[in-house]
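> Structure: my_file11.txt, compact mmCIF, C-alpha atoms and all ligand atoms.
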```
# COMPACT_ATOMS: atom_id res chain seq x y z
CA MET A 676 45.31 41.67 182.62
CA LEU A 677 45.46 45.15 183.99
CA ILE A 678 42.35 45.96 185.96
CA LYS A 679 40.95 49.38 186.74
CA ARG A 680 38.41 49.92 189.48
CA SER A 681 35.55 52.17 188.43
CA PRO A 682 33.96 54.62 190.88
CA ASN A 683 31.03 52.22 191.43
CA GLY A 684 33.40 49.42 192.37
CA ILE A 685 33.02 47.36 189.20
CA ASP A 686 36.32 46.12 187.77
CA LEU A 687 37.06 47.48 184.31
CA PRO A 688 39.87 46.20 182.08
CA PHE A 689 42.65 48.67 181.25
CA SER A 690 41.49 50.14 177.97
CA SER A 691 44.38 48.62 175.97
CA GLU A 692 43.16 45.21 177.05
CA ILE A 693 39.61 45.64 175.74
CA THR A 694 39.04 43.59 172.62
CA PRO A 695 36.53 45.19 170.28
CA ARG A 696 33.66 42.91 169.23
CA ALA A 697 34.66 42.80 165.55
CA VAL A 698 38.20 41.70 166.42
CA PHE A 699 36.92 39.21 168.95
CA GLU A 700 34.52 37.77 166.40
CA SER A 701 37.10 37.55 163.66
CA ARG A 702 39.36 35.79 166.14
CA ARG A 703 36.62 33.34 166.99
CA ASP A 704 36.15 32.65 163.27
CA PHE A 705 39.89 32.25 162.94
CA ILE A 706 40.02 29.73 165.79
CA ARG A 707 37.06 27.88 164.30
CA GLN A 708 38.86 27.70 160.96
CA LEU A 709 41.99 26.49 162.71
CA ALA A 710 39.94 23.74 164.33
CA VAL A 711 38.61 22.56 161.01
CA GLY A 712 42.11 22.74 159.56
CA SER A 713 41.46 25.41 156.92
CA ILE A 714 44.33 27.52 158.24
CA ALA A 715 47.31 25.31 158.88
CA SER A 716 49.94 27.23 160.76
CA ALA A 717 49.60 30.92 161.39
CA SER A 718 48.76 33.12 164.26
CA LEU A 719 46.91 36.38 164.39
CA LEU A 720 50.14 38.19 165.10
CA GLU A 721 51.80 36.61 162.08
CA MET A 722 48.90 37.83 159.97
CA ALA A 723 49.41 41.33 161.36
CA ASN A 724 53.13 41.02 160.65
CA ARG A 725 52.44 40.14 157.05
CA GLU A 726 50.26 43.25 156.73
CA ALA A 727 53.03 45.36 158.21
CA PHE A 728 55.59 43.92 155.82
CA ALA A 729 53.29 44.33 152.83
CA GLN A 730 53.04 47.98 153.76
CA SER A 731 56.78 48.24 154.35
CA ALA A 732 57.55 46.76 150.92
CA SER A 733 55.81 49.74 149.36
CA ALA A 734 57.09 52.22 151.95
CA GLN A 735 59.02 55.21 150.76
CA LYS A 736 62.66 55.52 151.76
CA LEU A 737 63.54 58.62 153.75
CA ALA A 738 67.19 59.62 153.77
CA ALA A 739 68.58 61.09 156.99
CA ALA A 740 72.06 61.50 158.44
CA ALA A 741 72.58 59.64 161.71
CA ASN A 742 73.09 62.16 164.52
CA PRO A 743 75.97 60.68 166.60
CA ALA A 744 74.78 62.57 169.69
CA TYR A 745 71.75 60.27 169.72
CA ALA A 746 73.35 56.98 168.73
CA MET A 747 72.82 54.22 171.28
CA MET A 748 74.73 51.12 172.36
CA GLU A 749 71.53 49.25 173.13
CA LYS A 750 70.22 46.82 170.54
CA LYS A 751 67.50 48.30 168.35
CA THR A 752 64.04 46.78 168.47
CA SER A 753 63.29 44.86 165.27
CA TYR A 754 61.23 46.65 162.63
CA LYS A 755 58.75 43.82 162.89
CA ASP A 756 58.18 44.31 166.62
CA ALA A 757 58.07 48.11 166.33
CA THR A 758 55.38 47.92 163.64
CA THR A 759 53.17 45.14 164.98
CA TYR A 760 53.02 45.89 168.71
CA ASN A 761 51.46 49.35 168.81
CA ASN A 762 49.17 51.64 170.74
CA PHE A 763 47.04 53.68 168.35
CA TYR A 764 43.52 53.56 169.72
CA GLU A 765 42.06 55.20 166.61
CA PHE A 766 42.60 51.75 165.04
CA GLY A 767 41.61 49.57 168.00
CA THR A 768 42.82 48.83 171.49
CA ASP A 769 44.65 45.55 170.92
CA LYS A 770 48.40 45.77 170.28
CA ALA A 771 47.98 44.01 166.91
CA ASP A 772 45.05 46.19 165.77
CA PRO A 773 46.96 49.18 164.33
CA ALA A 774 49.02 46.96 161.97
CA ILE A 775 45.84 45.23 160.85
CA HIS A 776 43.57 48.26 160.49
CA ALA A 777 45.73 51.33 159.80
CA GLY A 778 45.79 50.65 156.04
CA SER A 779 42.72 52.92 155.81
CA LEU A 780 44.73 55.97 156.93
CA LYS A 781 45.69 58.23 154.01
CA PRO A 782 48.97 59.98 154.93
CA ARG A 783 49.02 62.04 151.69
CA PRO A 784 47.94 64.73 151.03
CA TRP A 785 48.41 65.98 154.61
CA SER A 786 48.87 69.30 156.28
CA ILE A 787 49.38 70.64 159.78
CA THR A 788 47.73 73.85 160.92
CA ILE A 789 49.72 75.84 163.46
CA GLU A 790 47.72 78.40 165.41
CA GLY A 791 47.11 80.09 168.74
CA GLU A 792 49.55 82.31 170.64
CA ILE A 793 52.03 82.82 167.80
CA LYS A 794 53.01 85.70 165.53
CA LYS A 795 52.98 83.63 162.34
CA PRO A 796 50.05 81.19 162.11
CA MET A 797 50.45 78.87 159.14
CA THR A 798 49.42 75.65 157.46
CA LEU A 799 52.26 73.48 156.24
CA ASP A 800 51.90 70.57 153.85
CA LEU A 801 53.99 67.45 154.18
CA ASP A 802 56.61 68.49 151.63
CA SER A 803 57.15 71.80 153.45
CA LEU A 804 57.51 69.91 156.73
CA LEU A 805 60.04 67.53 155.17
CA LYS A 806 62.09 70.47 153.90
CA LEU A 807 61.84 72.70 156.97
CA ALA A 808 65.10 71.42 158.54
CA PRO A 809 67.71 68.73 157.78
CA LEU A 810 66.38 65.28 158.65
CA GLU A 811 68.35 63.39 161.29
CA GLU A 812 68.23 59.81 162.44
CA ARG A 813 68.10 59.59 166.23
CA VAL A 814 67.92 56.36 168.19
CA TYR A 815 65.62 56.87 171.17
CA ARG A 816 64.24 54.64 173.89
CA LEU A 817 60.44 54.81 174.14
CA ARG A 818 58.99 53.66 177.48
CA CYS A 819 55.26 52.94 177.67
CA VAL A 820 53.37 53.46 180.93
CA GLU A 821 52.22 49.83 180.60
CA GLY A 822 55.75 48.67 181.51
CA TRP A 823 57.41 47.87 178.19
CA SER A 824 59.99 49.71 176.11
CA MET A 825 61.53 49.75 172.64
CA VAL A 826 64.65 51.28 171.04
CA ILE A 827 63.80 52.87 167.69
CA PRO A 828 65.78 54.78 165.02
CA TRP A 829 63.43 57.71 164.39
CA ILE A 830 63.83 60.29 161.61
CA GLY A 831 62.97 63.95 162.04
CA TYR A 832 64.31 67.15 163.55
CA SER A 833 63.89 69.05 166.79
CA LEU A 834 60.39 70.45 167.10
CA ALA A 835 62.12 73.66 168.23
CA GLN A 836 63.01 74.33 164.57
CA LEU A 837 59.33 74.53 163.68
CA ILE A 838 58.46 76.50 166.82
CA LYS A 839 61.06 79.17 166.01
CA LYS A 840 59.51 79.61 162.57
CA VAL A 841 56.01 80.40 163.93
CA GLU A 842 57.34 82.78 166.62
CA PRO A 843 55.38 82.17 169.86
CA ASN A 844 54.17 85.40 171.48
CA SER A 845 54.57 86.28 175.16
CA ASN A 846 51.26 84.53 176.09
CA ALA A 847 52.40 81.14 174.79
CA ARG A 848 53.13 78.75 177.69
CA PHE A 849 51.94 75.38 176.38
CA VAL A 850 51.74 73.48 173.09
CA GLU A 851 48.80 71.26 172.23
CA PHE A 852 49.06 68.43 169.65
CA ILE A 853 45.82 67.37 167.99
CA THR A 854 45.48 64.11 166.08
CA LEU A 855 43.37 63.44 162.97
CA ASP A 856 39.70 62.81 163.82
CA ASP A 857 38.14 61.09 160.78
CA LYS A 858 35.86 58.10 161.27
CA LYS A 859 36.21 57.13 157.60
CA GLN A 860 39.95 56.60 158.01
CA MET A 861 40.01 55.60 161.68
CA PRO A 862 37.53 52.87 162.64
CA GLY A 863 38.49 53.04 166.34
CA LEU A 864 36.90 56.49 166.66
CA ARG A 865 33.50 54.80 166.78
CA SER A 866 34.40 53.39 170.16
CA PRO A 867 34.25 55.76 173.15
CA VAL A 868 37.44 54.47 174.84
CA LEU A 869 38.86 58.02 174.85
CA GLU A 870 37.49 61.48 174.18
CA TRP A 871 38.38 62.15 170.51
CA PRO A 872 40.39 63.58 168.92
CA TYR A 873 43.44 62.28 170.76
CA VAL A 874 45.10 65.37 172.22
CA GLU A 875 48.43 65.68 174.02
CA GLY A 876 50.39 68.62 175.29
CA LEU A 877 53.72 69.90 176.56
CA ARG A 878 54.93 72.98 178.36
CA LEU A 879 56.57 75.34 175.85
CA ASP A 880 60.06 74.78 177.28
CA GLU A 881 59.59 71.00 177.04
CA ALA A 882 58.46 71.35 173.44
CA MET A 883 61.52 73.55 172.74
CA HIS A 884 63.95 71.05 174.29
CA PRO A 885 66.22 69.72 171.51
CA LEU A 886 65.30 66.12 172.39
CA THR A 887 61.64 66.64 171.42
CA LEU A 888 61.50 65.27 167.90
CA LEU A 889 59.10 66.21 165.14
CA THR A 890 59.07 62.76 163.61
CA LEU A 891 58.48 61.91 159.96
CA GLY A 892 60.09 58.48 159.64
CA MET A 893 61.74 55.48 161.24
CA TYR A 894 64.14 52.71 160.15
CA GLY A 895 65.12 54.70 157.02
CA GLU A 896 61.54 55.03 155.74
CA VAL A 897 58.54 57.32 156.11
CA LEU A 898 56.46 56.48 159.18
CA PRO A 899 54.30 53.37 158.76
CA ASN A 900 50.62 54.23 159.31
CA GLN A 901 50.46 52.27 162.56
CA ASN A 902 53.33 54.34 164.00
CA GLY A 903 51.61 57.67 163.36
CA ALA A 904 52.05 58.53 159.68
CA PRO A 905 52.82 60.95 158.31
CA VAL A 906 53.90 63.09 161.28
CA ARG A 907 54.03 62.59 165.06
CA ILE A 908 56.12 63.75 167.93
CA VAL A 909 58.44 61.64 170.06
CA VAL A 910 59.25 62.86 173.58
CA PRO A 911 61.68 60.22 174.83
CA TRP A 912 61.80 61.16 178.53
CA LYS A 913 58.03 60.88 178.95
CA TYR A 914 55.70 57.87 178.87
CA GLY A 915 54.83 56.92 175.29
CA PHE A 916 51.29 58.30 175.39
CA LYS A 917 52.70 61.87 175.34
CA SER A 918 54.05 61.16 171.81
CA ALA A 919 50.92 61.97 169.76
CA LYS A 920 50.58 60.36 166.34
CA SER A 921 49.15 61.56 163.00
CA ILE A 922 49.06 65.22 164.06
CA VAL A 923 46.88 67.68 162.11
CA LYS A 924 47.03 70.71 164.40
CA ILE A 925 49.54 72.30 166.75
CA ARG A 926 48.09 75.01 169.00
CA PHE A 927 50.02 77.35 171.30
CA THR A 928 48.07 78.21 174.45
CA LYS A 929 48.23 80.24 177.62
CA GLU A 930 46.48 77.58 179.72
CA GLN A 931 47.56 73.98 180.22
CA PRO A 932 45.72 71.90 177.58
CA ARG A 933 43.33 69.09 178.51
CA THR A 934 44.80 65.82 177.26
CA ALA A 935 43.09 62.58 176.18
CA TRP A 936 44.48 60.28 178.89
CA ASN A 937 44.22 62.89 181.63
CA ILE A 938 40.53 63.36 180.78
CA ALA A 939 39.99 59.57 180.78
CA ALA A 940 41.67 58.92 184.14
CA PRO A 941 43.10 62.04 185.84
CA GLY A 942 44.33 60.13 188.88
CA GLU A 943 46.40 57.79 186.69
CA TYR A 944 47.77 59.90 183.84
CA GLY A 945 49.16 63.27 184.81
CA PHE A 946 49.95 66.11 182.43
CA TYR A 947 53.72 65.73 182.93
CA SER A 948 54.05 61.94 182.77
CA ASN A 949 57.82 62.00 183.01
CA VAL A 950 59.24 58.49 183.19
CA ASN A 951 59.86 58.15 186.92
CA PRO A 952 60.63 54.82 188.63
CA ALA A 953 59.92 56.45 192.02
CA VAL A 954 56.31 57.29 191.19
CA ASP A 955 54.22 54.18 190.69
CA HIS A 956 51.09 54.23 188.60
CA PRO A 957 48.17 53.69 191.04
CA ARG A 958 47.68 50.17 189.71
CA TRP A 959 51.21 48.99 188.91
CA SER A 960 54.89 49.65 189.61
CA GLN A 961 57.02 51.74 187.26
CA ALA A 962 60.33 50.49 188.72
CA SER A 963 61.22 48.14 185.86
CA GLU A 964 60.35 47.43 182.24
CA ARG A 965 60.22 44.65 179.71
CA ARG A 966 62.13 45.35 176.49
CA ILE A 967 60.01 44.20 173.55
CA GLY A 968 61.89 41.43 171.71
CA GLU A 969 63.50 40.15 174.92
CA ASP A 970 60.41 38.31 176.04
CA GLY A 971 61.81 34.78 176.50
CA LEU A 972 61.00 32.75 179.57
CA PHE A 973 64.24 33.82 181.28
CA ALA A 974 64.30 37.40 180.02
CA ARG A 975 65.43 39.82 182.70
CA LYS A 976 63.41 42.95 183.28
CA ARG A 977 65.40 46.19 183.06
CA LYS A 978 65.44 48.82 185.75
CA THR A 979 63.56 51.88 184.60
CA LEU A 980 65.71 55.02 184.68
CA MET A 981 64.63 58.48 185.82
CA PHE A 982 63.54 60.46 182.74
CA ASN A 983 64.02 57.20 180.81
CA GLY A 984 67.79 57.85 181.04
CA TYR A 985 67.60 61.35 179.48
CA SER A 986 68.96 63.13 182.57
CA GLU A 987 69.74 66.28 180.55
CA VAL A 988 66.07 67.29 180.90
CA ALA A 989 66.27 67.47 184.73
CA PRO A 990 66.77 71.30 184.77
CA LEU A 991 63.33 71.70 183.18
CA TYR A 992 61.85 70.50 186.47
CA ALA A 993 64.15 72.20 188.98
CA GLY A 994 62.20 73.00 192.15
CA MET A 995 59.14 70.97 191.10
CA ASP A 996 57.76 68.14 193.20
CA LEU A 997 57.54 65.40 190.57
CA LYS A 998 55.38 63.26 192.85
CA LYS A 999 52.76 65.99 192.82
CA PHE A 1000 53.26 66.88 189.15
CA PHE A 1001 53.35 63.28 187.95
N1 LIG B 1101 48.70 58.84 169.41
C1 LIG B 1101 47.41 58.70 169.02
N2 LIG B 1101 46.90 59.58 168.15
N3 LIG B 1101 46.62 57.70 169.48
C2 LIG B 1101 47.09 56.79 170.39
O1 LIG B 1101 46.35 55.89 170.80
N4 LIG B 1101 49.01 56.03 171.74
C3 LIG B 1101 50.17 56.51 172.49
C4 LIG B 1101 51.19 57.20 171.57
N5 LIG B 1101 50.55 58.09 170.64
C5 LIG B 1101 48.44 56.90 170.83
C6 LIG B 1101 49.22 57.96 170.28
C7 LIG B 1101 50.82 55.46 173.27
S1 LIG B 1101 49.97 54.89 174.63
C8 LIG B 1101 52.07 55.00 172.97
S2 LIG B 1101 52.88 53.92 174.02
C9 LIG B 1101 52.76 55.38 171.73
O2 LIG B 1101 51.93 56.21 170.88
C10 LIG B 1101 53.14 54.15 170.95
O3 LIG B 1101 53.88 54.47 169.80
P1 LIG B 1101 54.37 53.29 168.83
O4 LIG B 1101 53.17 52.47 168.49
O5 LIG B 1101 54.98 53.96 167.64
O6 LIG B 1101 55.38 52.49 169.62
```
What's the structure tokens form of this structure?

Amino acid sequence: MLIKRSPNGIDLPFSSEITPRAVFESRRDFIRQLAVGSIASASLLEMANREAFAQSASAQKLAAAANPAYAMMEKKTSYKDATTYNNFYEFGTDKADPAIHAGSLKPRPWSITIEGEIKKPMTLDLDSLLKLAPLEERVYRLRCVEGWSMVIPWIGYSLAQLIKKVEPNSNARFVEFITLDDKKQMPGLRSPVLEWPYVEGLRLDEAMHPLTLLTLGMYGEVLPNQNGAPVRIVVPWKYGFKSAKSIVKIRFTKEQPRTAWNIAAPGEYGFYSNVNPAVDHPRWSQASERRIGEDGLFARKRKTLMFNGYSEVAPLYAGMDLKKFF
């Protein structure tokens, strides 16, 4: 378990390791039922998998042409792993929670409001977002700060296409992404693990980089709820927490935005959060990673690559000390 030391010296679990009471209690019931033999052979994760597949059976297909510039030799993570091992704290802090609880999220109707330092503020509904630019399939690595990674075929287009449409003015230096904040749809919001809504941000040039993907689907379908339906971003050279899910607002700002994880633990989660094997997290090394799906007893850990292997972004940080701006 990952332990965090609080200012008063008491050990706190890393927030992803906290098991909410309801989940803990349902698990205890589950174990009790197992003991009395009323559930023969299942595991909690299998139950979560079944939920994910039930959702996937009704999922809408989303056609997109594969972009060969972002094809990848590495084996893709299975759909099952990508949809049952998630971080989406609005639905709980356990990896299985989002697949179990995200059924209450209503991804339609949906709209995104775009505001702030731009010439053309607007609100776009989902159909307008889907039509704004040709959808592409891009296979990206996603590396989580917790030390695991996945390889996922995402569907979307460069966020730059949307940014050009709203015309940032000369004050715009940063972009803030704000997630849905609705307790009726997101039971995890009742728990104060983070300051809600979940907010992330990028520098404008990072947001404009062609790799930054406005993401509407994965594996040939619309995004499953647990992966951030109906619209999220994916920033593949940064730790996964920069890739905000279920976005309702995009705001262009002059000042660097405050972000959910930076507010929660500023010494551990910097604004930049570029994948960097040379800068360890204060509590654990970032030098290597475990690829989800390769978890066998003899599975080899992979070396983590600078910028998660996306070296084309290096010019964005020319002259910056990435130990200081971690
Ligand atoms: N977005 C919101 N709104 N809430 C979250 O808790 N978790 C982040 C990110 N986006 C998170 C979020 C983290 S820590 C990671 S690693 C990725 O989503 C995980 O994305 P995935 O579940 O699709 O793999």
> Looking at A:Ala882, A:Leu780, A:Val874, A:Cys819, which one is nearest to Pro899 of chain A, with distances taken over all atoms listed in the file?
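Residue with the minimum atom-to-atom distance to Pro899 of chain A: A:Leu780.
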> At a cut-off of 12 Å from (66.1, 38.8, 171.1) in the coordinates of the file, what residues are picked up using all atoms listed in the file, written as a list in words?
Glu749, Lys750, Lys751, Thr752, Ser753, Asp756, Met825, Arg965, Arg966, Ile967, Gly968, Glu969, Asp970, Gly971, Leu972, Phe973, Ala974 and Arg975 of chain A
> Those residues you just picked out, can you put them in a file as a PDB file, keeping the file's coordinate frame with C-alpha atoms?

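Wrote it out as result_26.pdb, contents follow:
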```
ATOM      1  CA  GLU A 749      71.530  49.250 173.130  1.00  0.00           C
ATOM      2  CA  LYS A 750      70.220  46.820 170.540  1.00  0.00           C
ATOM      3  CA  LYS A 751      67.500  48.300 168.350  1.00  0.00           C
ATOM      4  CA  THR A 752      64.040  46.780 168.470  1.00  0.00           C
ATOM      5  CA  SER A 753      63.290  44.860 165.270  1.00  0.00           C
ATOM      6  CA  ASP A 756      58.180  44.310 166.620  1.00  0.00           C
ATOM      7  CA  MET A 825      61.530  49.750 172.640  1.00  0.00           C
ATOM      8  CA  ARG A 965      60.220  44.650 179.710  1.00  0.00           C
ATOM      9  CA  ARG A 966      62.130  45.350 176.490  1.00  0.00           C
ATOM     10  CA  ILE A 967      60.010  44.200 173.550  1.00  0.00           C
ATOM     11  CA  GLY A 968      61.890  41.430 171.710  1.00  0.00           C
ATOM     12  CA  GLU A 969      63.500  40.150 174.920  1.00  0.00           C
ATOM     13  CA  ASP A 970      60.410  38.310 176.040  1.00  0.00           C
ATOM     14  CA  GLY A 971      61.810  34.780 176.500  1.00  0.00           C
ATOM     15  CA  LEU A 972      61.000  32.750 179.570  1.00  0.00           C
ATOM     16  CA  PHE A 973      64.240  33.820 181.280  1.00  0.00           C
ATOM     17  CA  ALA A 974      64.300  37.400 180.020  1.00  0.00           C
ATOM     18  CA  ARG A 975      65.430  39.820 182.700  1.00  0.00           C
TER      19      ARG A 975
END
```
> What is the distance between atom CA of Lys976 of chain A and atom CA of Ser824 of chain A, in Å to one decimal?
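It comes out at 10.4 Å.
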> Give me, as a PyMOL selection string, all polymer residues having an atom no more than 12 Å from Glu870 of chain A, counting only C-alpha atoms and skipping those fewer than 2 positions away in the same chain.
chain A and resi 764-765+853-854+856+863-868+872-875+933-940
> Using C-alpha atoms, can you write the selected residues to a file as a compact mmCIF listing (two decimals), in the frame of the given file?

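Result file result.txt:
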```
# COMPACT_ATOMS: atom_id res chain seq x y z
CA TYR A 764 43.52 53.56 169.72
CA GLU A 765 42.06 55.20 166.61
CA ILE A 853 45.82 67.37 167.99
CA THR A 854 45.48 64.11 166.08
CA ASP A 856 39.70 62.81 163.82
CA GLY A 863 38.49 53.04 166.34
CA LEU A 864 36.90 56.49 166.66
CA ARG A 865 33.50 54.80 166.78
CA SER A 866 34.40 53.39 170.16
CA PRO A 867 34.25 55.76 173.15
CA VAL A 868 37.44 54.47 174.84
CA PRO A 872 40.39 63.58 168.92
CA TYR A 873 43.44 62.28 170.76
CA VAL A 874 45.10 65.37 172.22
CA GLU A 875 48.43 65.68 174.02
CA ARG A 933 43.33 69.09 178.51
CA THR A 934 44.80 65.82 177.26
CA ALA A 935 43.09 62.58 176.18
CA TRP A 936 44.48 60.28 178.89
CA ASN A 937 44.22 62.89 181.63
CA ILE A 938 40.53 63.36 180.78
CA ALA A 939 39.99 59.57 180.78
CA ALA A 940 41.67 58.92 184.14
```
> At a cut-off of 8 Å, using all atoms listed in the file, what residues contact Ala904 of chain A? Leave out same-chain residues fewer than 3 positions from it and give the result as a list in words.
Pro782, Leu891, Val897, Leu898, Pro899, Asn900, Gln901, Arg907, Lys920 and Ser921 of chain A
> So how far away is atom CA of Ala808 of chain A from atom CA of Thr788 of chain A, in Å?
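The value is 17.7 Å.
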> Quick one: residues within 8 Å of Glu842 of chain A, all atoms listed in the file, excluding same-chain residues fewer than 2 positions away - as a list in words?
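My list of contacting residues is Ile793, Lys794, Lys795, Ile838, Lys839, Lys840 and Asn844 of chain A.
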> If I take atom CA of Asn762 of chain A and atom CA of Met747 of chain A, how far is one from the other in Å, to one decimal?
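Between these atoms lies a distance of 23.8 Å.
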> Which residues come within 10 Å of Leu807 of chain A, counting all atoms listed in the file, excluding same-chain residues fewer than 3 positions away, as number ranges by chain?
A: 799, 801-804, 810, 832, 836-837, 840
> Under the rule that all atoms listed in the file are counted, which of A:Val814, A:Ala771, A:Glu896, A:Lys978 is the nearest residue to Ala744 of chain A?
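Checking each candidate against Ala744 of chain A, we get A:Val814 as the closest.
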> Could you work out an axis-aligned box for segment 894-900 of chain A, taking every atom the file lists and adding 8 Å on each side, and report centre and edge lengths in Å to one decimal, as lines of an AutoDock Vina configuration file?

```
center_x = 57.9
center_y = 55.0
center_z = 157.9
size_x = 30.5
size_y = 20.6
size_z = 20.4
```
